[in-house]
$ cat coords-v6.pdb   # PDB, C-alpha atoms
ATOM      1  CA  MET A   1     -44.696 -62.968  10.030
ATOM      2  CA  THR A   2     -47.146 -65.448  11.530
ATOM      3  CA  ILE A   3     -46.197 -69.116  11.805
ATOM      4  CA  LEU A   4     -48.436 -69.747   8.809
ATOM      5  CA  ASP A   5     -46.557 -67.125   6.776
ATOM      6  CA  GLN A   6     -43.271 -68.772   7.745
ATOM      7  CA  ILE A   7     -44.532 -72.215   6.754
ATOM      8  CA  ILE A   8     -45.691 -71.029   3.324
ATOM      9  CA  ALA A   9     -42.428 -69.177   2.662
ATOM     10  CA  SER A  10     -40.516 -72.315   3.602
ATOM     11  CA  LYS A  11     -42.808 -74.460   1.440
ATOM     12  CA  LYS A  12     -42.192 -72.318  -1.640
ATOM     13  CA  ARG A  13     -38.424 -72.764  -1.240
ATOM     14  CA  GLU A  14     -38.854 -76.491  -0.635
ATOM     15  CA  VAL A  15     -40.954 -77.054  -3.770
ATOM     16  CA  THR A  16     -38.499 -75.096  -5.913
ATOM     17  CA  LEU A  17     -35.627 -77.271  -4.712
ATOM     18  CA  LYS A  18     -37.533 -80.539  -5.124
ATOM     19  CA  LYS A  19     -38.370 -79.720  -8.730
ATOM     20  CA  ARG A  20     -34.629 -79.609  -9.465
ATOM     21  CA  VAL A  21     -34.140 -83.148  -8.181
ATOM     22  CA  ILE A  22     -37.268 -85.107  -9.186
ATOM     23  CA  SER A  23     -38.944 -84.241 -12.478
ATOM     24  CA  ILE A  24     -42.657 -84.332 -13.208
ATOM     25  CA  SER A  25     -42.115 -87.227 -15.614
ATOM     26  CA  GLN A  26     -40.375 -89.198 -12.856
ATOM     27  CA  LEU A  27     -43.388 -88.700 -10.587
ATOM     28  CA  GLU A  28     -45.797 -89.674 -13.366
ATOM     29  CA  ASN A  29     -43.859 -92.881 -14.017
ATOM     30  CA  THR A  30     -43.964 -94.213 -10.471
ATOM     31  CA  ALA A  31     -45.804 -97.462  -9.784
ATOM     32  CA  LEU A  32     -48.551 -95.770  -7.783
ATOM     33  CA  PHE A  33     -49.262 -92.862 -10.094
ATOM     34  CA  ASN A  34     -51.772 -94.726 -12.251
ATOM     35  CA  ALA A  35     -53.146 -96.878  -9.439
ATOM     36  CA  LYS A  36     -56.867 -96.706  -8.680
ATOM     37  CA  THR A  37     -57.709 -94.362  -5.805
ATOM     38  CA  ASN A  38     -60.197 -94.906  -2.987
ATOM     39  CA  SER A  39     -62.897 -92.333  -2.306
ATOM     40  CA  LEU A  40     -62.459 -90.572   1.020
ATOM     41  CA  SER A  41     -65.781 -88.741   0.675
ATOM     42  CA  LYS A  42     -67.736 -91.964   0.120
ATOM     43  CA  SER A  43     -65.940 -93.651   2.993
ATOM     44  CA  ILE A  44     -67.011 -90.826   5.323
ATOM     45  CA  ILE A  45     -70.617 -90.875   4.116
ATOM     46  CA  ASN A  46     -70.867 -94.653   4.461
ATOM     47  CA  SER A  47     -69.508 -94.645   8.012
ATOM     48  CA  PRO A  48     -71.611 -94.099  11.149
ATOM     49  CA  PHE A  49     -68.912 -91.833  12.614
ATOM     50  CA  GLY A  50     -66.777 -90.573   9.710
ATOM     51  CA  ILE A  51     -63.524 -90.270  11.617
ATOM     52  CA  ILE A  52     -60.382 -89.362   9.699
ATOM     53  CA  ALA A  53     -57.610 -90.344  12.113
ATOM     54  CA  GLU A  54     -54.253 -88.625  11.748
ATOM     55  CA  HIS A  55     -50.605 -89.628  11.843
ATOM     56  CA  LYS A  56     -48.908 -86.601  13.381
ATOM     57  CA  ARG A  57     -45.521 -86.521  15.144
ATOM     58  CA  ARG A  58     -45.413 -82.904  16.228
ATOM     59  CA  SER A  59     -46.846 -79.451  15.531
ATOM     60  CA  PRO A  60     -45.795 -75.809  15.957
ATOM     61  CA  SER A  61     -48.458 -75.281  18.630
ATOM     62  CA  LYS A  62     -47.968 -78.484  20.653
ATOM     63  CA  GLY A  63     -44.333 -79.424  20.028
ATOM     64  CA  THR A  64     -43.556 -83.151  20.129
ATOM     65  CA  ILE A  65     -46.679 -85.318  20.210
ATOM     66  CA  ASN A  66     -45.367 -88.822  19.465
ATOM     67  CA  HIS A  67     -42.059 -89.855  17.901
ATOM     68  CA  SER A  68     -41.949 -93.386  19.264
ATOM     69  CA  LEU A  69     -44.348 -95.253  16.985
ATOM     70  CA  SER A  70     -43.848 -96.444  13.403
ATOM     71  CA  VAL A  71     -46.170 -95.296  10.646
ATOM     72  CA  GLU A  72     -47.293 -98.882  10.098
ATOM     73  CA  GLU A  73     -48.252 -99.320  13.766
ATOM     74  CA  VAL A  74     -50.320 -96.158  13.782
ATOM     75  CA  VAL A  75     -52.172 -96.499  10.475
ATOM     76  CA  SER A  76     -52.790-100.242  10.830
ATOM     77  CA  GLY A  77     -54.242 -99.603  14.265
ATOM     78  CA  TYR A  78     -56.544 -96.962  12.836
ATOM     79  CA  GLU A  79     -57.705 -99.180   9.975
ATOM     80  CA  ASN A  80     -58.312-102.201  12.198
ATOM     81  CA  VAL A  81     -60.807-100.331  14.367
ATOM     82  CA  GLY A  82     -62.755 -98.612  11.609
ATOM     83  CA  ALA A  83     -61.272 -95.244  10.654
ATOM     84  CA  SER A  84     -63.064 -93.801   7.603
ATOM     85  CA  GLY A  85     -59.841 -92.213   6.406
ATOM     86  CA  ILE A  86     -56.280 -91.631   7.514
ATOM     87  CA  SER A  87     -54.552 -88.262   7.328
ATOM     88  CA  VAL A  88     -50.765 -88.313   6.972
ATOM     89  CA  LEU A  89     -48.755 -85.170   7.738
ATOM     90  CA  THR A  90     -45.956 -84.879   5.184
ATOM     91  CA  ASP A  91     -44.392 -81.550   6.199
ATOM     92  CA  SER A  92     -40.925 -82.175   7.622
ATOM     93  CA  GLN A  93     -39.785 -78.864   9.074
ATOM     94  CA  TYR A  94     -42.801 -78.056  11.237
ATOM     95  CA  PHE A  95     -44.602 -81.388  11.694
ATOM     96  CA  GLY A  96     -41.848 -84.006  11.457
ATOM     97  CA  GLY A  97     -43.505 -85.856   8.578
ATOM     98  CA  SER A  98     -42.420 -86.886   5.079
ATOM     99  CA  LEU A  99     -43.638 -88.368   1.826
ATOM    100  CA  ASP A 100     -42.073 -91.616   3.013
ATOM    101  CA  ASP A 101     -44.717 -91.657   5.753
ATOM    102  CA  LEU A 102     -47.420 -91.506   3.085
ATOM    103  CA  LEU A 103     -45.760 -94.263   1.072
ATOM    104  CA  LEU A 104     -45.437 -96.510   4.141
ATOM    105  CA  ALA A 105     -49.064 -95.873   5.034
ATOM    106  CA  LYS A 106     -50.111 -96.886   1.501
ATOM    107  CA  ALA A 107     -48.177-100.127   1.856
ATOM    108  CA  ALA A 108     -49.820-100.904   5.199
ATOM    109  CA  VAL A 109     -53.532-100.107   4.708
ATOM    110  CA  ASN A 110     -56.389 -99.903   2.203
ATOM    111  CA  THR A 111     -58.207 -97.080   4.003
ATOM    112  CA  PRO A 112     -58.371 -93.833   1.944
ATOM    113  CA  LEU A 113     -55.318 -91.653   2.600
ATOM    114  CA  LEU A 114     -55.272 -87.858   2.787
ATOM    115  CA  ARG A 115     -51.998 -86.053   2.168
ATOM    116  CA  LYS A 116     -51.998 -83.349   4.870
ATOM    117  CA  GLU A 117     -49.720 -80.670   3.515
ATOM    118  CA  PHE A 118     -49.496 -76.967   2.737
ATOM    119  CA  ILE A 119     -50.158 -77.318  -0.982
ATOM    120  CA  ILE A 120     -49.309 -74.309  -3.127
ATOM    121  CA  ASP A 121     -48.207 -75.953  -6.388
ATOM    122  CA  GLU A 122     -49.421 -78.645  -8.803
ATOM    123  CA  TYR A 123     -46.093 -80.408  -8.267
ATOM    124  CA  GLN A 124     -47.130 -81.304  -4.710
ATOM    125  CA  ILE A 125     -50.336 -82.847  -6.049
ATOM    126  CA  LEU A 126     -48.295 -85.021  -8.407
ATOM    127  CA  GLU A 127     -46.147 -86.017  -5.414
ATOM    128  CA  ALA A 128     -49.287 -86.960  -3.503
ATOM    129  CA  LYS A 129     -50.502 -89.268  -6.276
ATOM    130  CA  ALA A 130     -47.061 -90.789  -6.799
ATOM    131  CA  ASN A 131     -46.800 -91.646  -3.105
ATOM    132  CA  GLY A 132     -50.206 -93.225  -2.585
ATOM    133  CA  ALA A 133     -52.613 -90.453  -1.607
ATOM    134  CA  ASP A 134     -56.314 -90.729  -2.390
ATOM    135  CA  ALA A 135     -57.085 -87.113  -1.481
ATOM    136  CA  ILE A 136     -55.292 -83.838  -0.891
ATOM    137  CA  LEU A 137     -55.836 -80.919   1.458
ATOM    138  CA  LEU A 138     -56.142 -77.352   0.195
ATOM    139  CA  ILE A 139     -56.108 -74.545   2.763
ATOM    140  CA  ALA A 140     -58.252 -71.533   1.874
ATOM    141  CA  ALA A 141     -56.266 -69.236   4.165
ATOM    142  CA  VAL A 142     -53.167 -69.483   1.957
ATOM    143  CA  LEU A 143     -54.736 -69.681  -1.508
ATOM    144  CA  THR A 144     -56.701 -67.343  -3.764
ATOM    145  CA  ARG A 145     -59.969 -68.455  -5.363
ATOM    146  CA  ALA A 146     -58.158 -68.855  -8.695
ATOM    147  CA  GLU A 147     -55.502 -71.036  -7.056
ATOM    148  CA  ILE A 148     -58.116 -73.189  -5.319
ATOM    149  CA  LYS A 149     -59.886 -73.665  -8.654
ATOM    150  CA  SER A 150     -56.785 -74.593 -10.626
ATOM    151  CA  LEU A 151     -55.318 -76.869  -7.949
ATOM    152  CA  SER A 152     -58.590 -78.670  -7.210
ATOM    153  CA  GLU A 153     -59.345 -79.197 -10.902
ATOM    154  CA  PHE A 154     -55.823 -80.520 -11.436
ATOM    155  CA  ALA A 155     -56.258 -82.935  -8.507
ATOM    156  CA  HIS A 156     -59.502 -84.232 -10.022
ATOM    157  CA  SER A 157     -57.768 -84.685 -13.381
ATOM    158  CA  ILE A 158     -55.494 -87.301 -11.777
ATOM    159  CA  ALA A 159     -58.286 -88.936  -9.742
ATOM    160  CA  LEU A 160     -57.562 -87.347  -6.369
ATOM    161  CA  GLU A 161     -60.354 -85.987  -4.184
ATOM    162  CA  VAL A 162     -60.077 -82.569  -2.559
ATOM    163  CA  LEU A 163     -60.658 -81.562   1.039
ATOM    164  CA  LEU A 164     -60.880 -77.776   1.252
ATOM    165  CA  GLU A 165     -60.191 -76.357   4.692
ATOM    166  CA  VAL A 166     -61.770 -73.081   5.818
ATOM    167  CA  HIS A 167     -61.784 -71.166   9.052
ATOM    168  CA  ASN A 168     -64.326 -68.389   8.558
ATOM    169  CA  LEU A 169     -67.184 -67.277   6.311
ATOM    170  CA  GLU A 170     -64.958 -65.137   4.091
ATOM    171  CA  GLU A 171     -62.749 -68.143   3.275
ATOM    172  CA  LEU A 172     -65.785 -70.335   2.677
ATOM    173  CA  GLU A 173     -67.524 -67.904   0.343
ATOM    174  CA  LYS A 174     -64.435 -67.403  -1.830
ATOM    175  CA  SER A 175     -63.869 -71.154  -2.086
ATOM    176  CA  ILE A 176     -67.145 -72.853  -2.958
ATOM    177  CA  MET A 177     -66.861 -74.494  -6.377
ATOM    178  CA  PRO A 178     -67.760 -77.830  -8.017
ATOM    179  CA  SER A 179     -64.189 -79.151  -7.998
ATOM    180  CA  LEU A 180     -64.263 -79.744  -4.223
ATOM    181  CA  ASP A 181     -65.435 -82.960  -2.566
ATOM    182  CA  ILE A 182     -65.183 -82.254   1.154
ATOM    183  CA  ILE A 183     -65.249 -78.968   3.058
ATOM    184  CA  GLY A 184     -63.661 -78.966   6.474
ATOM    185  CA  VAL A 185     -63.923 -76.278   9.139
ATOM    186  CA  ASN A 186     -60.690 -75.943  11.085
ATOM    187  CA  ASN A 187     -61.453 -75.046  14.692
ATOM    188  CA  ARG A 188     -57.871 -73.855  15.077
ATOM    189  CA  ASN A 189     -57.020 -70.376  13.874
ATOM    190  CA  LEU A 190     -53.843 -71.034  11.835
ATOM    191  CA  LYS A 191     -52.553 -67.533  12.569
ATOM    192  CA  THR A 192     -53.009 -67.525  16.354
ATOM    193  CA  PHE A 193     -53.513 -71.283  17.000
ATOM    194  CA  GLU A 194     -56.494 -70.474  19.221
ATOM    195  CA  VAL A 195     -59.031 -73.321  19.183
ATOM    196  CA  SER A 196     -62.825 -73.054  19.445
ATOM    197  CA  LEU A 197     -65.610 -75.363  18.252
ATOM    198  CA  GLN A 198     -67.691 -72.255  17.677
ATOM    199  CA  TYR A 199     -65.994 -71.864  14.293
ATOM    200  CA  SER A 200     -67.608 -75.121  13.144
ATOM    201  CA  MET A 201     -70.951 -74.270  14.731
ATOM    202  CA  ASP A 202     -71.047 -70.919  12.950
ATOM    203  CA  LEU A 203     -70.233 -72.282   9.492
ATOM    204  CA  VAL A 204     -71.989 -75.636   9.184
ATOM    205  CA  THR A 205     -75.267 -74.204   7.842
ATOM    206  CA  GLN A 206     -73.347 -72.041   5.357
ATOM    207  CA  ILE A 207     -71.746 -75.063   3.655
ATOM    208  CA  PRO A 208     -73.913 -76.336   0.782
ATOM    209  CA  ASN A 209     -75.142 -79.903   1.163
ATOM    210  CA  ASP A 210     -73.440 -80.788  -2.133
ATOM    211  CA  PHE A 211     -70.243 -81.245  -0.130
ATOM    212  CA  VAL A 212     -69.304 -83.674   2.626
ATOM    213  CA  LYS A 213     -68.958 -81.571   5.789
ATOM    214  CA  ILE A 214     -66.252 -82.266   8.335
ATOM    215  CA  SER A 215     -64.928 -80.552  11.440
ATOM    216  CA  GLU A 216     -61.196 -80.455  12.218
ATOM    217  CA  SER A 217     -58.971 -79.809  15.241
ATOM    218  CA  GLY A 218     -59.728 -79.445  18.924
ATOM    219  CA  LEU A 219     -62.093 -82.432  18.987
ATOM    220  CA  SER A 220     -61.120 -83.965  22.303
ATOM    221  CA  THR A 221     -64.321 -85.384  23.796
ATOM    222  CA  VAL A 222     -67.027 -87.684  22.505
ATOM    223  CA  ASP A 223     -69.567 -85.023  23.443
ATOM    224  CA  ASP A 224     -67.833 -82.656  21.003
ATOM    225  CA  LEU A 225     -68.476 -85.073  18.140
ATOM    226  CA  LYS A 226     -72.035 -85.806  19.172
ATOM    227  CA  LEU A 227     -72.788 -82.083  19.303
ATOM    228  CA  LEU A 228     -71.215 -81.363  15.915
ATOM    229  CA  LYS A 229     -72.860 -84.396  14.321
ATOM    230  CA  SER A 230     -76.263 -83.218  15.556
ATOM    231  CA  HIS A 231     -75.615 -79.927  13.758
ATOM    232  CA  GLY A 232     -74.892 -81.570  10.404
ATOM    233  CA  PHE A 233     -71.241 -82.597  10.286
ATOM    234  CA  GLN A 234     -70.661 -85.974   8.646
ATOM    235  CA  GLY A 235     -66.991 -86.426   9.451
ATOM    236  CA  PHE A 236     -64.252 -85.395  11.849
ATOM    237  CA  LEU A 237     -60.484 -85.106  11.501
ATOM    238  CA  ILE A 238     -58.736 -86.020  14.738
ATOM    239  CA  GLY A 239     -55.004 -86.395  15.259
ATOM    240  CA  GLU A 240     -53.490 -85.196  18.489
ATOM    241  CA  ASN A 241     -56.160 -86.823  20.662
ATOM    242  CA  PHE A 242     -55.070 -90.281  19.465
ATOM    243  CA  MET A 243     -51.393 -89.646  18.720
ATOM    244  CA  LYS A 244     -50.593 -88.419  22.236
ATOM    245  CA  THR A 245     -51.325 -91.950  23.548
ATOM    246  CA  ASP A 246     -49.093 -95.038  23.499
ATOM    247  CA  ASN A 247     -51.507 -96.823  21.153
ATOM    248  CA  PRO A 248     -53.456 -94.518  18.794
ATOM    249  CA  GLY A 249     -55.480 -97.424  17.363
ATOM    250  CA  VAL A 250     -56.728 -98.459  20.794
ATOM    251  CA  ALA A 251     -57.464 -94.815  21.610
ATOM    252  CA  LEU A 252     -59.587 -94.541  18.455
ATOM    253  CA  GLU A 253     -61.367 -97.797  19.289
ATOM    254  CA  GLN A 254     -62.257 -96.531  22.773
ATOM    255  CA  TYR A 255     -63.473 -93.277  21.252
ATOM    256  CA  ILE A 256     -65.706 -95.107  18.760
ATOM    257  CA  ASN A 257     -67.071 -97.371  21.493
ATOM    258  CA  GLN A 258     -68.092 -94.295  23.506
ATOM    259  CA  LEU A 259     -69.812 -92.856  20.430
ATOM    260  CA  LYS A 260     -71.931 -95.991  20.194
ATOM    261  CA  VAL A 261     -73.372 -95.433  23.677
TER     262      VAL A 261
END
$ encode --input "coords-v6.pdb" --output "structure tokens"
Amino acid sequence: MTILDQIIASKKREVTLKKRVISISQLENTALFNAKTNSLSKSIINSPFGIIAEHKRRSPSKGTINHSLSVEEVVSGYENVGASGISVLTDSQYFGGSLDDLLLAKAAVNTPLLRKEFIIDEYQILEAKANGADAILLIAAVLTRAEIKSLSEFAHSIALEVLLEVHNLEELEKSIMPSLDIIGVNNRNLKTFEVSLQYSMDLVTQIPNDFVKISESGLSTVDDLKLLKSHGFQGFLIGENFMKTDNPGVALEQYINQLKV
């Protein structure tokens, strides 16, 4: 089994157990469930740089990245310097995150929040809404076309936007449908964890202009963003590059300042 296979197997067990403890009606009756959401796609389009900055404690490929900072410190820092969106990792076993992180982020900022998770079930989408998300991530590598359709349509039915992540042309072609808002190209192969910007370069012209186009992972230098932006990407999801510093907000600010040059 690849790491991705292990994560999905673990996620299926996790969702089954959670359903026994917190019912759908409990999620639907939370204070945030009927709150108005903010549009991540519009925020990206209306920004000169479109950076979705990420709260990320660790990962299977990099190990510990940053366990010393509070969620509030990180997300407030991102918002204060102009992040278009904030991605919050909620997987506990592999990334050290939780739904509490999403809830704390919601309490701290008004910037659109993306629940970064391995979503395989409508229940997780309800969790996202109940804990303050404005958008969810769907990963084409672990879902069929029918699953992408049903999950994305369900997300839209409760006013959440959908970021669909692809890694190659096959995943993109099976996934294109009206119920998506943003299509992101992950430069990291989730099966081998190899990173290459060429994945984004190869796919950008294949993504219809109906969708906001973003590039994800492995975006370490300002030149990377300038190159990808010149090829048609409107947004960029960056986590590790900021989180590995003592002050992710300052790191993002310095990054944005370099982009202005």
$ residues_around --input "coords-v6.pdb" --residues "segment 189-193 of chain A" --least-positions-apart "2" --cutoff "8 Å" --atoms "only C-alpha atoms" --output "list in words"
Thr2, Ile3, Leu4, Ser61, His167, Asn186, Asn187 and Val195 of chain A
$ write_last_selection --input "coords-v6.pdb" --atoms "C-alpha atoms" --output "PDB file, keeping the file's coordinate frame"
ATOM      1  CA  THR A   2     -47.146 -65.448  11.530  1.00  0.00           C
ATOM      2  CA  ILE A   3     -46.197 -69.116  11.805  1.00  0.00           C
ATOM      3  CA  LEU A   4     -48.436 -69.747   8.809  1.00  0.00           C
ATOM      4  CA  SER A  61     -48.458 -75.281  18.630  1.00  0.00           C
ATOM      5  CA  HIS A 167     -61.784 -71.166   9.052  1.00  0.00           C
ATOM      6  CA  ASN A 186     -60.690 -75.943  11.085  1.00  0.00           C
ATOM      7  CA  ASN A 187     -61.453 -75.046  14.692  1.00  0.00           C
ATOM      8  CA  VAL A 195     -59.031 -73.321  19.183  1.00  0.00           C
TER       9      VAL A 195
END
$ residues_around --input "coords-v6.pdb" --residues "Ser10 of chain A" --least-positions-apart "4" --cutoff "12 Å" --atoms "all atoms listed in the file" --output "PDB file with C-alpha atoms, keeping the file's coordinate frame"
ATOM      1  CA  ILE A   3     -46.197 -69.116  11.805  1.00  0.00           C
ATOM      2  CA  LEU A   4     -48.436 -69.747   8.809  1.00  0.00           C
ATOM      3  CA  ASP A   5     -46.557 -67.125   6.776  1.00  0.00           C
ATOM      4  CA  GLN A   6     -43.271 -68.772   7.745  1.00  0.00           C
ATOM      5  CA  GLU A  14     -38.854 -76.491  -0.635  1.00  0.00           C
ATOM      6  CA  VAL A  15     -40.954 -77.054  -3.770  1.00  0.00           C
ATOM      7  CA  THR A  16     -38.499 -75.096  -5.913  1.00  0.00           C
ATOM      8  CA  LEU A  17     -35.627 -77.271  -4.712  1.00  0.00           C
ATOM      9  CA  ASP A  91     -44.392 -81.550   6.199  1.00  0.00           C
ATOM     10  CA  SER A  92     -40.925 -82.175   7.622  1.00  0.00           C
ATOM     11  CA  GLN A  93     -39.785 -78.864   9.074  1.00  0.00           C
ATOM     12  CA  TYR A  94     -42.801 -78.056  11.237  1.00  0.00           C
ATOM     13  CA  PHE A 118     -49.496 -76.967   2.737  1.00  0.00           C
ATOM     14  CA  ILE A 119     -50.158 -77.318  -0.982  1.00  0.00           C
ATOM     15  CA  ILE A 120     -49.309 -74.309  -3.127  1.00  0.00           C
TER      16      ILE A 120
END
$ resolve_selection --input "coords-v6.pdb" --expression "the PyMOL selection byres ((chain A and resi 37) around 10)" --output "list of chain:residue names"
A:Leu32, A:Phe33, A:Asn34, A:Ala35, A:Lys36, A:Asn38, A:Ser39, A:Leu40, A:Asn110, A:Pro112, A:Leu113, A:Lys129, A:Gly132, A:Ala133, A:Asp134, A:Ala135, A:Ile158, A:Ala159, A:Leu160, A:Glu161
$ closest_residue --input "coords-v6.pdb" --among "A:Lys42, A:Lys149, A:His67, A:Arg57" --to "Lys213 of chain A" --atoms "only C-alpha atoms"
A:Lys42
$ closest_residue --input "coords-v6.pdb" --among "A:Ile52, A:Ile148, A:Leu27, A:Ile44" --to "Gly239 of chain A" --atoms "all atoms listed in the file"
A:Ile52
$ resolve_selection --input "coords-v6.pdb" --expression "the PyMOL selection byres ((chain A and resi 63) around 12)" --output "CSV table (one decimal) with C-alpha atoms, in the frame of the given file"
chain,number,residue,atom,x,y,z
A,56,LYS,CA,-48.9,-86.6,13.4
A,57,ARG,CA,-45.5,-86.5,15.1
A,58,ARG,CA,-45.4,-82.9,16.2
A,59,SER,CA,-46.8,-79.5,15.5
A,60,PRO,CA,-45.8,-75.8,16.0
A,61,SER,CA,-48.5,-75.3,18.6
A,62,LYS,CA,-48.0,-78.5,20.7
A,64,THR,CA,-43.6,-83.2,20.1
A,65,ILE,CA,-46.7,-85.3,20.2
A,66,ASN,CA,-45.4,-88.8,19.5
A,67,HIS,CA,-42.1,-89.9,17.9
A,93,GLN,CA,-39.8,-78.9,9.1
A,94,TYR,CA,-42.8,-78.1,11.2
A,95,PHE,CA,-44.6,-81.4,11.7
A,96,GLY,CA,-41.8,-84.0,11.5
A,240,GLU,CA,-53.5,-85.2,18.5
A,244,LYS,CA,-50.6,-88.4,22.2
$ resolve_selection --input "coords-v6.pdb" --expression "the PyMOL selection byres ((chain A and resi 47-50) around 6)" --output "number ranges by chain"
A: 44-46, 51, 84, 235
$ closest_residue --input "coords-v6.pdb" --among "A:Ala128, A:Ile24, A:Val261, A:Leu237" --to "Asp223 of chain A" --atoms "only C-alpha atoms"
A:Val261
$ atom_distance --input "coords-v6.pdb" --atom1 "atom CA of Ile86 of chain A" --atom2 "atom CA of Val21 of chain A"
28.4 Å
$ residues_around --input "coords-v6.pdb" --residues "Glu72 of chain A" --least-positions-apart "2" --cutoff "9 Å" --atoms "all atoms listed in the file" --output "list in words"
Leu69, Ser70, Val74, Val75, Ser76, Gly77, Asp101, Leu104, Ala105, Ala107, Ala108 and Val109 of chain A
$ atom_distance --input "coords-v6.pdb" --atom1 "atom CA of Ile136 of chain A" --atom2 "atom CA of Arg115 of chain A"
5.0 Å
$ atom_distance --input "coords-v6.pdb" --atom1 "atom CA of Ser215 of chain A" --atom2 "atom CA of Val185 of chain A"
5.0 Å
$ closest_residue --input "coords-v6.pdb" --among "A:Pro208, A:Gly82, A:Gly184, A:Pro178" --to "Tyr255 of chain A" --atoms "all atoms listed in the file"
A:Gly82
$ residues_near_point --input "coords-v6.pdb" --point "(-62.8, -78.0, 18.8)" --cutoff "9 Å" --atoms "only C-alpha atoms" --output "list in words"
Asn186, Asn187, Arg188, Val195, Ser196, Leu197, Gln198, Tyr199, Ser200, Ser215, Glu216, Ser217, Gly218, Leu219, Ser220 and Asp224 of chain A
$ build_atoms --input "coords-v6.pdb" --residues "segment 197-202 of chain A" --atoms "all heavy atoms" --output "compact mmCIF listing (two decimals), in the coordinates of the input"
# COMPACT_ATOMS: atom_id res chain seq x y z
N LEU A 197 -64.63 -74.65 19.06
CA LEU A 197 -65.61 -75.36 18.25
C LEU A 197 -66.66 -74.43 17.67
O LEU A 197 -67.41 -74.81 16.77
CB LEU A 197 -66.31 -76.43 19.09
CG LEU A 197 -65.46 -77.58 19.63
CD1 LEU A 197 -66.36 -78.63 20.27
CD2 LEU A 197 -64.62 -78.21 18.54
N GLN A 198 -66.70 -73.22 18.17
CA GLN A 198 -67.69 -72.26 17.68
C GLN A 198 -67.49 -71.96 16.19
O GLN A 198 -68.46 -71.66 15.48
CB GLN A 198 -67.62 -70.96 18.49
CG GLN A 198 -68.81 -70.03 18.29
CD GLN A 198 -70.13 -70.68 18.70
OE1 GLN A 198 -70.23 -71.29 19.76
NE2 GLN A 198 -71.15 -70.57 17.85
N TYR A 199 -66.25 -72.08 15.72
CA TYR A 199 -65.99 -71.86 14.29
C TYR A 199 -66.81 -72.85 13.46
O TYR A 199 -67.41 -72.48 12.46
CB TYR A 199 -64.50 -72.01 13.99
CG TYR A 199 -63.62 -70.95 14.61
CD1 TYR A 199 -62.63 -71.28 15.53
CD2 TYR A 199 -63.78 -69.61 14.28
CE1 TYR A 199 -61.83 -70.30 16.10
CE2 TYR A 199 -62.99 -68.62 14.85
CZ TYR A 199 -62.01 -68.98 15.76
OH TYR A 199 -61.22 -68.01 16.33
N SER A 200 -66.82 -74.11 13.86
CA SER A 200 -67.61 -75.12 13.14
C SER A 200 -69.10 -74.84 13.28
O SER A 200 -69.85 -74.93 12.30
CB SER A 200 -67.30 -76.52 13.69
OG SER A 200 -66.08 -77.01 13.17
N MET A 201 -69.53 -74.51 14.49
CA MET A 201 -70.95 -74.27 14.73
C MET A 201 -71.46 -73.11 13.88
O MET A 201 -72.59 -73.14 13.38
CB MET A 201 -71.17 -73.97 16.22
CG MET A 201 -70.71 -75.08 17.15
SD MET A 201 -71.72 -76.56 17.02
CE MET A 201 -73.17 -76.01 17.91
N ASP A 202 -70.63 -72.10 13.70
CA ASP A 202 -71.05 -70.92 12.95
C ASP A 202 -71.14 -71.18 11.44
O ASP A 202 -71.92 -70.52 10.75
CB ASP A 202 -70.07 -69.76 13.19
CG ASP A 202 -70.16 -69.20 14.60
OD1 ASP A 202 -71.16 -69.49 15.29
OD2 ASP A 202 -69.22 -68.50 15.03
